[in-house]
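Asker: Next comes entry15.txt, compact mmCIF, C-alpha atoms and all ligand atoms:
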```
# COMPACT_ATOMS: atom_id res chain seq x y z
CA MET N 1 0.00 0.00 0.00
CA ARG N 2 2.76 2.40 0.90
CA ARG N 3 4.25 1.91 -2.50
CA ILE N 4 1.52 3.90 -4.17
CA LEU N 5 1.22 6.77 -1.74
CA PHE N 6 3.72 8.99 -3.50
CA PRO N 7 2.80 8.95 -7.17
CA LEU N 8 2.73 12.75 -7.40
CA LEU N 9 5.98 13.22 -5.52
CA LEU N 10 7.68 10.57 -7.59
CA LEU N 11 6.54 12.04 -10.86
CA CYS N 12 7.72 15.46 -9.79
CA THR N 13 11.14 14.30 -8.71
CA ILE N 14 11.63 12.29 -11.87
CA SER N 15 10.32 14.69 -14.46
CA ALA N 16 11.72 17.91 -13.03
CA VAL N 17 15.36 17.41 -12.31
CA ASP N 18 16.08 21.11 -11.91
CA ALA N 19 12.90 22.03 -10.00
CA ARG N 20 11.02 19.73 -7.69
CA VAL N 21 7.75 20.32 -5.91
CA LEU N 22 8.27 21.05 -2.22
CA ALA N 23 4.65 21.64 -1.23
CA VAL N 24 1.22 22.18 -2.71
CA PHE N 25 -1.69 24.16 -1.36
CA ASN N 26 -5.10 23.71 -2.93
CA GLN N 27 -8.53 22.44 -2.10
CA ASN N 28 -7.37 18.84 -2.11
CA ASN N 29 -3.99 19.27 -0.53
CA TYR N 30 -3.75 21.50 2.51
CA GLU N 31 -2.57 19.03 5.14
CA GLY N 32 0.13 20.46 7.33
CA TRP N 33 -0.55 24.08 6.42
CA VAL N 34 -1.32 26.30 9.38
CA TYR N 35 -3.57 29.30 9.06
CA ASP N 36 -3.10 31.70 11.92
CA ARG N 37 -5.62 34.42 12.31
CA PRO N 38 -5.77 35.69 15.89
CA GLY N 39 -9.19 35.29 17.39
CA PHE N 40 -10.42 33.26 14.47
CA TYR N 41 -10.38 29.52 14.06
CA MET N 42 -10.40 27.95 10.63
CA ASP N 43 -10.19 24.18 10.48
CA THR N 44 -8.90 22.21 7.54
CA GLU N 45 -12.39 21.50 6.28
CA ALA N 46 -13.07 25.21 6.06
CA ILE N 47 -9.76 25.74 4.33
CA SER N 48 -10.75 23.20 1.72
CA LYS N 49 -13.86 25.15 0.84
CA ASN N 50 -12.56 28.67 0.94
CA LYS N 51 -9.86 30.83 -0.34
CA ILE N 52 -7.33 31.72 2.30
CA GLY N 53 -7.43 35.37 3.15
CA LEU N 54 -4.36 37.18 4.39
CA TYR N 55 -4.53 40.61 5.88
CA GLY N 56 -3.36 42.41 8.97
CA SER N 57 -1.76 39.85 11.26
CA CYS N 58 -2.93 36.70 9.43
CA THR N 59 -0.34 34.21 8.29
CA LEU N 60 -0.35 30.95 6.36
CA THR N 61 2.58 28.64 7.09
CA SER N 62 3.59 25.58 5.11
CA PRO N 63 4.59 22.18 6.40
CA GLN N 64 8.32 21.71 6.77
CA LEU N 65 10.05 21.75 3.40
CA ASN N 66 13.13 19.65 2.70
CA CYS N 67 15.24 22.18 0.81
CA ALA N 68 18.37 20.03 0.62
CA GLY N 69 20.10 20.80 -2.67
CA VAL N 70 17.72 23.64 -3.42
CA ASP N 71 19.15 27.00 -4.44
CA THR N 72 15.93 28.84 -5.17
CA VAL N 73 12.49 28.45 -3.63
CA ILE N 74 9.78 29.41 -6.09
CA VAL N 75 6.19 30.12 -5.10
CA VAL N 76 3.80 29.94 -8.04
CA VAL N 77 0.37 31.30 -7.18
CA ASN N 78 -2.14 30.11 -9.74
CA GLU N 79 -5.30 31.70 -8.46
CA SER N 80 -5.68 34.67 -6.22
CA TYR N 81 -7.27 38.02 -5.94
CA SER N 82 -6.32 41.00 -3.94
CA LEU N 83 -8.07 44.01 -2.59
CA TYR N 84 -6.62 47.43 -2.07
CA TYR N 85 -8.05 50.66 -0.88
CA GLN N 86 -5.51 52.97 -2.36
CA ASN N 87 -5.41 56.64 -1.55
CA ASP N 88 -2.79 59.24 -0.88
CA LYS N 89 -1.75 57.56 2.34
CA TYR N 90 -1.86 53.90 1.45
CA ASP N 91 0.26 52.50 -1.32
CA ALA N 92 -0.77 49.27 -3.05
CA ARG N 93 2.72 47.95 -3.47
CA LYS N 94 3.70 48.57 0.13
CA GLY N 95 0.55 46.82 1.22
CA SER N 96 1.20 43.71 -0.84
CA PRO N 97 2.09 40.41 0.80
CA THR N 98 5.36 39.18 2.22
CA VAL N 99 6.80 35.72 1.62
CA SER N 100 9.25 34.44 4.22
CA LEU N 101 11.23 31.29 4.90
CA ILE N 102 11.63 30.32 8.53
CA ASP N 103 13.92 27.78 10.15
CA GLU N 104 13.05 25.10 12.70
CA GLY N 105 13.50 27.63 15.50
CA GLY N 106 10.93 29.95 13.93
CA ASN N 107 13.50 32.51 12.81
CA VAL N 108 13.07 34.26 9.47
CA VAL N 109 16.05 33.33 7.29
CA LYS N 110 14.85 34.99 4.09
CA SER N 111 12.04 37.33 3.31
CA VAL N 112 10.66 38.98 0.19
CA GLU N 113 8.42 41.92 0.93
CA HIS N 114 5.85 43.48 -1.35
CA VAL N 115 5.65 40.65 -3.82
CA PHE N 116 3.20 42.51 -6.01
CA SER N 117 4.14 45.21 -8.42
CA THR N 118 2.17 48.41 -8.39
CA ALA N 119 -0.61 46.58 -10.18
CA GLN N 120 -3.86 46.67 -8.30
CA LEU N 121 -4.74 43.11 -9.10
CA GLN N 122 -2.65 40.10 -9.91
CA ARG N 123 -4.31 36.72 -10.13
CA VAL N 124 -1.19 34.82 -11.06
CA PHE N 125 2.24 35.65 -9.77
CA THR N 126 5.56 34.04 -8.94
CA VAL N 127 7.93 34.75 -6.09
CA LYS N 128 11.53 33.52 -6.17
CA ILE N 129 13.70 33.37 -3.05
CA ASP N 130 17.43 32.71 -3.33
CA ILE N 131 18.50 30.36 -0.53
CA SER N 132 21.93 29.42 -1.91
CA ASP N 133 23.50 31.15 1.10
CA VAL N 134 21.12 29.64 3.65
CA SER N 135 22.50 26.86 5.84
CA PRO N 136 19.38 25.16 7.24
CA THR N 137 17.76 22.76 4.78
CA MET N 138 14.52 22.21 6.67
CA LEU N 139 12.44 25.35 6.20
CA LYS N 140 8.86 26.50 6.29
CA LEU N 141 7.26 29.04 4.00
CA ARG N 142 5.14 31.78 5.52
CA LEU N 143 2.81 34.11 3.68
CA SER N 144 1.64 37.27 5.37
CA CYS N 145 0.44 40.77 4.75
CA PRO N 146 1.73 43.90 6.42
CA GLN N 147 0.38 44.82 9.81
CA ALA N 148 -1.92 47.54 10.89
CA ASP N 149 -2.33 50.59 8.76
CA THR N 150 -2.36 49.06 5.31
CA TYR N 151 -5.57 48.37 3.51
CA CYS N 152 -4.69 45.19 1.75
CA ALA N 153 -5.99 41.67 1.51
CA LEU N 154 -4.85 38.70 -0.51
CA TYR N 155 -7.03 35.67 -1.13
CA MET N 156 -5.51 32.48 -2.49
CA ARG N 157 -6.76 29.02 -3.25
CA ASP N 158 -4.13 27.35 -5.36
CA PHE N 159 -0.38 27.60 -5.28
CA VAL N 160 2.72 25.45 -5.54
CA VAL N 161 6.08 25.75 -3.81
CA GLU N 162 8.96 24.51 -5.93
CA GLY N 163 12.66 24.11 -5.30
CA ALA N 164 15.12 24.76 -8.11
CA GLU N 165 18.49 23.06 -8.01
CA SER N 166 21.55 24.34 -9.79
CA THR N 167 23.52 21.14 -9.52
CA PRO N 168 22.49 17.82 -11.08
CA PRO N 169 21.35 15.19 -8.60
CA VAL N 170 23.75 12.48 -7.50
CA ALA N 171 22.59 9.02 -8.56
CA GLY N 172 21.30 7.12 -5.55
CA ASP N 173 21.14 10.22 -3.35
CA VAL N 174 17.88 9.30 -1.66
CA ASN N 175 17.99 11.85 1.14
CA GLY N 176 18.98 14.73 -1.11
CA ASP N 177 22.11 15.81 0.75
CA GLY N 178 24.17 15.74 -2.44
CA GLU N 179 26.15 12.63 -1.51
CA LEU N 180 25.81 8.90 -1.98
CA THR N 181 26.35 7.28 1.43
CA SER N 182 24.92 4.59 3.71
CA ALA N 183 22.51 7.25 4.99
CA ASP N 184 20.66 6.90 1.69
CA VAL N 185 20.11 3.21 2.35
CA THR N 186 18.97 4.02 5.87
CA SER N 187 16.47 6.53 4.48
CA LEU N 188 14.95 3.85 2.27
CA TYR N 189 14.78 1.31 5.12
CA ASN N 190 13.11 3.88 7.37
CA TRP N 191 10.42 4.25 4.75
CA LEU N 192 10.05 0.59 3.84
CA LEU N 193 10.09 -0.72 7.41
CA ASN N 194 8.68 2.16 9.45
CA GLY N 195 6.78 4.34 7.01
CA ASP N 196 9.06 7.27 7.80
CA HIS N 197 9.52 9.30 4.60
CA SER N 198 10.98 12.41 6.24
CA ALA N 199 14.45 11.75 4.80
CA ILE N 200 13.36 10.77 1.31
CA VAL N 201 13.81 13.28 -1.48
CA ASN N 202 14.49 10.96 -4.41
CA GLY N 203 13.40 7.51 -3.27
CA ASP N 204 12.64 5.98 -6.63
CA VAL N 205 16.25 5.25 -7.52
CA ASN N 206 15.55 2.75 -10.30
CA GLY N 207 12.86 4.91 -11.88
CA ASP N 208 9.97 2.44 -11.85
CA SER N 209 7.60 4.92 -10.15
CA SER N 210 7.51 3.12 -6.81
CA ILE N 211 9.74 2.88 -3.77
CA THR N 212 10.56 -0.74 -3.02
CA SER N 213 13.45 -2.92 -1.89
CA ASN N 214 14.62 -2.84 -5.50
CA ASP N 215 15.63 0.77 -4.91
CA VAL N 216 17.84 -0.36 -2.03
CA THR N 217 19.52 -2.72 -4.48
CA ALA N 218 19.88 0.13 -6.95
CA VAL N 219 21.59 2.31 -4.35
CA TYR N 220 24.02 -0.49 -3.52
CA ASN N 221 24.77 -0.90 -7.22
CA PHE N 222 25.60 2.80 -7.52
CA MET N 223 27.89 2.49 -4.49
CA LEU N 224 29.73 -0.44 -6.02
CA ASN N 225 30.17 1.20 -9.42
CA CA N 301 22.59 11.16 0.29
CA CA N 302 11.73 2.24 -7.58
```
Let me see the structure of the file written as structure tokens.
Ligand SMILES: [Ca+2]
Ligand SMILES: [Ca+2]
Answerer:
Amino acid sequence: MRRILFPLLLLCTISAVDARVLAVFNQNNYEGWVYDRPGFYMDTEAISKNKIGLYGSCTLTSPQLNCAGVDTVIVVVNESYSLYYQNDKYDARKGSPTVSLIDEGGNVVKSVEHVFSTAQLQRVFTVKIDISDVSPTMLKLRLSCPQADTYCALYMRDFVVEGAESTPPVAGDVNGDGELTSADVTSLYNWLLNGDHSAIVNGDVNGDSSITSNDVTAVYNFMLN
């Protein structure tokens, strides 16, 4: 059963060598995302039926992303709409959302503010964050809008977080740390025996679209050759 749980992940890691999918947020895939709106509770069922609104102090935070080997995190928002009340005091661009990457301790390691241009409305947009100089590989993505005196709101329903790699993957590098070692075998065993996929980035070593003991054999073959 476990062998078929990752068809999407496997397809992504195989077909997109230079950019793999790190996380997806849409109506069918919102597990692990945390919507934080003080004084307001929105459960996952509600998230599945609504666009996520960001304004004031609201944030939307991704599950942990394994960014090993990733040089650029790319957020591709496929459907959104934004509201501005622009006047002499409030500037649309300054009120546009912020995209941040945070480490396991909750610290912001990278941040891109004002991701919109001066356009009043952008339904589709892309944000790229260079993390080539960032040490931690386990990161979370956080979307937020400026606090307080801005009149801005962003509503989203569908976006993808991708990781672009500048270096080609190492054959048999299951855990994505850029090296072929016994840790890659351990990563596969942790999945096959315990269902722990936290250290698997490219588990389908032999390219048959499933993760099985044959991939352990494939890793050993790469080690021997
Ligand atoms: Ca490795
Ligand atoms: Ca396989």
Asker: What residues have any atom no more than 10 Å from ligand CA 302 (chain N) when counting only C-alpha atoms and all ligand atoms, and can you list them as a short mmCIF file (atom, residue, chain, number, x, y, z; two decimals) with C-alpha atoms, in the coordinates of the input?
Answerer:
```cif
data_model
loop_
_atom_site.label_atom_id
_atom_site.label_comp_id
_atom_site.auth_asym_id
_atom_site.auth_seq_id
_atom_site.Cartn_x
_atom_site.Cartn_y
_atom_site.Cartn_z
CA ARG N 3 4.25 1.91 -2.50
CA LEU N 10 7.68 10.57 -7.59
CA ASN N 202 14.49 10.96 -4.41
CA GLY N 203 13.40 7.51 -3.27
CA ASP N 204 12.64 5.98 -6.63
CA VAL N 205 16.25 5.25 -7.52
CA ASN N 206 15.55 2.75 -10.30
CA GLY N 207 12.86 4.91 -11.88
CA ASP N 208 9.97 2.44 -11.85
CA SER N 209 7.60 4.92 -10.15
CA SER N 210 7.51 3.12 -6.81
CA ILE N 211 9.74 2.88 -3.77
CA THR N 212 10.56 -0.74 -3.02
CA SER N 213 13.45 -2.92 -1.89
CA ASN N 214 14.62 -2.84 -5.50
CA ASP N 215 15.63 0.77 -4.91
CA VAL N 216 17.84 -0.36 -2.03
CA THR N 217 19.52 -2.72 -4.48
CA ALA N 218 19.88 0.13 -6.95
#
```
Asker: Enumerate, in order of chain and increasing residue number, the residues of chain N with an atom no farther than 6 Å from ligand CA 301 (chain N), each with its shortest atom pair and distance in Å to one decimal, counting all atoms listed in the file, as a Markdown table.
Answerer:
```
| residue | atom | partner | partner_atom | distance |
| --- | --- | --- | --- | --- |
| N:Asp173 | CA | N:CA301 | CA | 4.0 |
| N:Val174 | CA | N:CA301 | CA | 5.4 |
| N:Asn175 | CA | N:CA301 | CA | 4.7 |
| N:Gly176 | CA | N:CA301 | CA | 5.3 |
| N:Asp177 | CA | N:CA301 | CA | 4.7 |
| N:Gly178 | CA | N:CA301 | CA | 5.6 |
| N:Glu179 | CA | N:CA301 | CA | 4.3 |
| N:Leu180 | CA | N:CA301 | CA | 4.5 |
| N:Thr181 | CA | N:CA301 | CA | 5.5 |
| N:Asp184 | CA | N:CA301 | CA | 4.9 |
```
Asker: For Ser132 in chain N, find every residue with an atom within 12 Å (counting only C-alpha atoms), except residues of its own chain fewer than 4 positions away, and show them as a list in words.
Answerer: Cys67, Ala68, Gly69, Val70, Asp71, Thr72, Val73, Val109, Lys110, Lys128, Pro136, Thr137, Gly163, Ala164, Glu165, Ser166 and Thr167 of chain N
Asker: What box, with edges along x, y and z, holds each listed atom of range 177-186 of chain N when 8 Å is added on every side, and can you state its centre and edge lengths in Å to one decimal, as AutoDock Vina command-line options?
Answerer:
```
--center_x 22.7 --center_y 9.5 --center_z 1.7 --size_x 23.4 --size_y 28.6 --size_z 24.3
```
Asker: One decimal, in Å: what's the spacing between CA of Ala199 in chain N and CA of Asp158 in chain N?
Answerer: 26.3 Å
Asker: Please indicate the distance in Å from CA of Leu101 in chain N to CA of Leu139 in chain N, rounded to one decimal place.
Answerer: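 Value for the CA of Leu101 in chain N-CA of Leu139 in chain N distance: 6.2 Å.
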Asker: Please report the interatomic distance between CA of Asn66 in chain N and CA of Trp33 in chain N in Å with one decimal.
Answerer: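 Separation of CA of Asn66 in chain N and CA of Trp33 in chain N: 14.9 Å.
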Asker: With distances taken over all atoms listed in the file, which of N:Gly195, N:Gly53, N:Pro169, N:Gly106 is nearest to Leu143 in chain N?
Answerer: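 Closest candidate: N:Gly53.
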Asker: Measuring between only C-alpha atoms, which one of N:Ile52, N:Val219, N:Val170, N:Val161 shows the shortest distance to Ser187 in chain N?
Answerer: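 Once distances to Ser187 in chain N are computed over only C-alpha atoms, the minimum belongs to N:Val219.
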Asker: Excluding same-chain residues fewer than 6 positions from Glu113 in chain N, what lies within 7 Å of it counting only C-alpha atoms, as a CSV table (one decimal) with C-alpha atoms, in the coordinates of the input?
Answerer:
```
chain,number,residue,atom,x,y,z
N,97,PRO,CA,2.1,40.4,0.8
N,98,THR,CA,5.4,39.2,2.2
N,99,VAL,CA,6.8,35.7,1.6
```
